[in-house]
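J.: One structure, as structure tokens, below. Some questions next.
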Amino acid sequence: MPSNTDEPTKQHLLDLTPDDLAVALKEMGEPGYRAKQILQWVYERNASSWDEMTNLSKPLRERMAERFTIFSSEVVRRAASTDGTVKLLLRWPDGATSECVMIPTEKSKTACVSSQVGCPVGCRFCASGLDGLQRNLSTGQIIEQALYARREALAAGDRLSNIVFMGLGEPLANYDNVIGAVEIINADWGLGIGARKITISTVGLPKQIRKLAHEGYQVNLALSLHAPNDALRAELIPWAEKISIRELTSACAEYFQMTGREITLEYTLLAGTNDSEANARELSGFVKRLRCNVNLLRYNPVESLPYRRPSAEAAHAFQERLRALGVNAHIRKSRGKDIDAACGQLRRREMQEQGGISLPVVDG
Ligand code: SF4
């Protein structure tokens, strides 16, 4: 895949809608219909270089290449798991790195994309959060990850069917760029993936959840709750100090009302911290107020952090408690265990080898 890491001043083609590109082409003295042709090459025909666009004249291809970059990152690591999961570490022109993952199952091929470089939330159990936020990813950089994942899906003999914003970063803290990416992922002229196959995962920003509810997309919302009461949640997630579960319930209820999409709760089980019988009871109360499903994740321990991974039996017992209370709860399987597929792990390994940090991280 070509890269332009030495040319950061060019405009990223993947940031643009057909209308944006038509305007740019008109400024260059070209007819607007070329925009459709160019985007067809990228989104339908998987072109990654201007030279492949043979229905454009050579001089136009050269002028486009001078002004626009298609793929701006380079793949610095590619790790393939025995279960088919493929993880890519991308380096952007400014040297920042981010990860994307293609996760295959029998029924689907899912791209897990990052929305930020690093993460501003700082969850106490997550090493990625400890490093803080470096910067937002642009719309084009998010789309670029999805296109890389689509290549991996096609190489595995299938089309890309789902996109989840569950990589590094808080998607709703990079709202405009994430919505720009959702538009392109969902558009017929773009990746053509239905909104119901797109999931945005958030620690819960009520104002942005309400805004998203009114965007007119039926995307799935996954709420990373991780604790069933405000005190414990604030202990685990610094941003939760200012955001109560009551506010989140109300924002999520509005989301459900506007979109008809059931919320999924993500709950990382931390042994001895949030996996008691009382925690299950509290959690079931929240779930019933919202009518949502629960995904349980067993924590992957982080060196130097005090949290522990519960045994498979303990996780199962928690799931059964929830089920007995009428809650639809699943234990999410870890994928790509043999390739550092937990969130941020490949990036941290790269940084570690460059003389930076030294901690592995949590799932999700
Ligand atoms: Fe950010 Fe997710 Fe880590 Fe929390 S768990 S710090 S939201 S990457």
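If you're wondering about the labels, chains in the structure tokens are A, B, ... by order shown, residues count from 1 in each chain, ligands from 1 in order shown.
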If you take only C-alpha atoms and all ligand atoms and a cut-off of 6 Å, which residues of chain A touch ligand 1, and what are their nearest atom pairs and distances in Å to one decimal, in chain and number order, as CSV?
T.:
```
residue,atom,partner,partner_atom_place_in_ligand_line,distance
A:Cys119,CA,ligand 1,1 (Fe),4.6
A:Val121,CA,ligand 1,6 (S),4.8
A:Gly122,CA,ligand 1,6 (S),4.1
A:Cys123,CA,ligand 1,6 (S),4.1
A:Cys126,CA,ligand 1,3 (Fe),4.6
A:Ser128,CA,ligand 1,3 (Fe),5.1
A:Gly129,CA,ligand 1,6 (S),3.4
A:Leu168,CA,ligand 1,8 (S),4.8
A:Gly169,CA,ligand 1,1 (Fe),5.3
A:Glu170,CA,ligand 1,7 (S),5.6
A:Val203,CA,ligand 1,7 (S),5.9
A:Gly364,CA,ligand 1,2 (Fe),5.9
```
J.: Could you write out that same residue set with N, CA and C atoms as a PDB file, in the first residue's frame?
T.:
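Saved result, again.pdb, follows:
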```pdb
ATOM      1  N   CYS A 119      -5.833   8.224  24.510  1.00  0.00           N
ATOM      2  CA  CYS A 119      -7.206   8.374  24.998  1.00  0.00           C
ATOM      3  C   CYS A 119      -7.241   9.367  26.155  1.00  0.00           C
ATOM      4  N   VAL A 121      -9.605   9.742  28.417  1.00  0.00           N
ATOM      5  CA  VAL A 121     -10.524   9.402  29.517  1.00  0.00           C
ATOM      6  C   VAL A 121      -9.763   8.962  30.771  1.00  0.00           C
ATOM      7  N   GLY A 122      -8.696   8.192  30.587  1.00  0.00           N
ATOM      8  CA  GLY A 122      -7.849   7.818  31.725  1.00  0.00           C
ATOM      9  C   GLY A 122      -8.465   6.817  32.684  1.00  0.00           C
ATOM     10  N   CYS A 123      -9.191   5.811  32.165  1.00  0.00           N
ATOM     11  CA  CYS A 123      -9.748   4.784  33.050  1.00  0.00           C
ATOM     12  C   CYS A 123      -8.604   4.178  33.878  1.00  0.00           C
ATOM     13  N   CYS A 126      -6.816   0.951  32.738  1.00  0.00           N
ATOM     14  CA  CYS A 126      -6.390   0.846  31.341  1.00  0.00           C
ATOM     15  C   CYS A 126      -5.080   1.593  31.124  1.00  0.00           C
ATOM     16  N   SER A 128      -3.691   2.341  28.317  1.00  0.00           N
ATOM     17  CA  SER A 128      -3.780   3.323  27.222  1.00  0.00           C
ATOM     18  C   SER A 128      -4.205   4.673  27.758  1.00  0.00           C
ATOM     19  N   GLY A 129      -5.148   4.648  28.700  1.00  0.00           N
ATOM     20  CA  GLY A 129      -5.636   5.893  29.278  1.00  0.00           C
ATOM     21  C   GLY A 129      -4.558   6.597  30.086  1.00  0.00           C
ATOM     22  N   LEU A 168      -8.726   2.723  20.087  1.00  0.00           N
ATOM     23  CA  LEU A 168      -8.301   3.733  21.051  1.00  0.00           C
ATOM     24  C   LEU A 168      -9.064   5.033  20.882  1.00  0.00           C
ATOM     25  N   GLY A 169      -9.329   5.672  22.034  1.00  0.00           N
ATOM     26  CA  GLY A 169      -9.968   6.978  22.013  1.00  0.00           C
ATOM     27  C   GLY A 169     -11.420   6.922  22.418  1.00  0.00           C
ATOM     28  N   GLU A 170     -11.955   8.100  22.734  1.00  0.00           N
ATOM     29  CA  GLU A 170     -13.378   8.250  23.063  1.00  0.00           C
ATOM     30  C   GLU A 170     -14.043   8.881  21.832  1.00  0.00           C
ATOM     31  N   VAL A 203     -17.708   6.022  26.766  1.00  0.00           N
ATOM     32  CA  VAL A 203     -17.827   5.948  28.228  1.00  0.00           C
ATOM     33  C   VAL A 203     -19.055   6.727  28.690  1.00  0.00           C
ATOM     34  N   GLY A 364     -10.685  -3.775  25.074  1.00  0.00           N
ATOM     35  CA  GLY A 364     -11.770  -2.820  24.863  1.00  0.00           C
ATOM     36  C   GLY A 364     -11.397  -1.418  25.170  1.00  0.00           C
TER      37      GLY A 364
END
```
J.: Which parts of region 111-208 of chain A does DSSP call alpha helix (DSSP H) when run on the backbone here, written out as a ChimeraX atom specification?
T.: /A:127-130,139-155,175-186,206-208
J.: I want to know what sits within 9 Å of Gln116 (chain A), based on only C-alpha atoms, with residues of the same chain fewer than 3 positions away left out; could you give that as a ChimeraX atom specification?
T.: /A:98,119-120,133-138,142,167-171,173-174
J.: Using only C-alpha atoms, which residues sit within 12 Å of Lys107 (chain A) once same-chain residues fewer than 4 positions away are excluded, as a list in words?
T.: Ile103, Asp158, Arg159, Leu160, Ser161 and Asn162 of chain A
J.: Ranking A:Leu205, A:Lys197, A:Asn300, A:Glu44 by minimum distance to Ala111 (chain A) and counting only C-alpha atoms, which one comes first?
T.: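 Among A:Leu205, A:Lys197, A:Asn300, A:Glu44, it is A:Lys197 that comes nearest to Ala111 (chain A).
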J.: Can you tell me, as a list in words, what residues are no more than 12 Å from Leu325 (chain A) when counting only C-alpha atoms, ignoring any on the same chain fewer than 6 positions away?
T.: Glu277, Ala278, Ala280, Arg281, Glu282, Leu283, Ser284, Gly285, Phe286, Val287, Lys288, Phe318 and Gln319 of chain A
J.: For the selection you just gave me, I'd like the residues written to a file as a CSV table (one decimal), in the first residue's frame, keeping C-alpha atoms.
T.:
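What follows is the written file selection_32.csv:
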```
chain,number,residue,atom,x,y,z
A,277,GLU,CA,-23.7,-10.2,43.9
A,278,ALA,CA,-24.7,-6.6,45.0
A,280,ALA,CA,-25.1,-7.6,39.7
A,281,ARG,CA,-28.3,-6.5,41.4
A,282,GLU,CA,-27.5,-2.8,40.9
A,283,LEU,CA,-26.5,-3.4,37.3
A,284,SER,CA,-29.8,-5.3,36.6
A,285,GLY,CA,-31.7,-2.2,37.9
A,286,PHE,CA,-29.9,0.0,35.4
A,287,VAL,CA,-30.4,-2.4,32.6
A,288,LYS,CA,-34.1,-2.7,33.2
A,318,PHE,CA,-21.8,-13.0,37.4
A,319,GLN,CA,-23.5,-13.7,34.0
```
J.: What lies within 12 Å of Thr249 (chain A) using only C-alpha atoms, ignoring chain neighbours under 2 positions off, as an mmCIF file with C-alpha atoms, in the first residue's frame?
T.:
```cif
data_model
loop_
_atom_site.group_PDB
_atom_site.id
_atom_site.type_symbol
_atom_site.label_atom_id
_atom_site.label_comp_id
_atom_site.auth_asym_id
_atom_site.auth_seq_id
_atom_site.Cartn_x
_atom_site.Cartn_y
_atom_site.Cartn_z
ATOM 1 C CA GLY A 204 -20.914 8.132 28.099
ATOM 2 C CA LEU A 205 -21.054 11.841 27.240
ATOM 3 C CA PRO A 206 -24.745 12.743 27.680
ATOM 4 C CA ILE A 209 -25.319 11.023 23.008
ATOM 5 C CA ARG A 210 -28.375 13.291 22.686
ATOM 6 C CA LEU A 223 -22.040 2.311 26.663
ATOM 7 C CA LEU A 225 -20.491 1.385 32.078
ATOM 8 C CA PRO A 228 -23.268 -0.019 38.478
ATOM 9 C CA ASN A 229 -23.141 3.039 40.793
ATOM 10 C CA ILE A 243 -21.389 12.522 34.811
ATOM 11 C CA SER A 244 -23.953 10.640 36.876
ATOM 12 C CA ILE A 245 -25.516 7.343 35.891
ATOM 13 C CA ARG A 246 -28.891 9.113 36.141
ATOM 14 C CA GLU A 247 -27.830 11.587 33.404
ATOM 15 C CA ALA A 251 -29.513 10.422 27.495
ATOM 16 C CA CYS A 252 -29.514 6.728 26.513
ATOM 17 C CA ALA A 253 -33.309 6.555 26.863
ATOM 18 C CA GLU A 254 -33.552 9.474 24.433
ATOM 19 C CA TYR A 255 -31.182 7.678 22.089
ATOM 20 C CA PHE A 256 -33.376 4.580 22.145
ATOM 21 C CA ILE A 263 -28.206 0.215 23.855
ATOM 22 C CA LEU A 265 -23.724 -2.055 27.948
ATOM 23 C CA GLY A 285 -31.727 -2.223 37.896
ATOM 24 C CA PHE A 286 -29.926 0.037 35.417
ATOM 25 C CA VAL A 287 -30.405 -2.420 32.564
ATOM 26 C CA LYS A 288 -34.130 -2.722 33.188
ATOM 27 C CA ARG A 289 -34.616 1.046 33.209
ATOM 28 C CA LEU A 290 -32.984 1.172 29.772
ATOM 29 C CA ARG A 291 -33.940 -2.140 28.130
ATOM 30 C CA CYS A 292 -30.427 -3.005 27.035
#
```
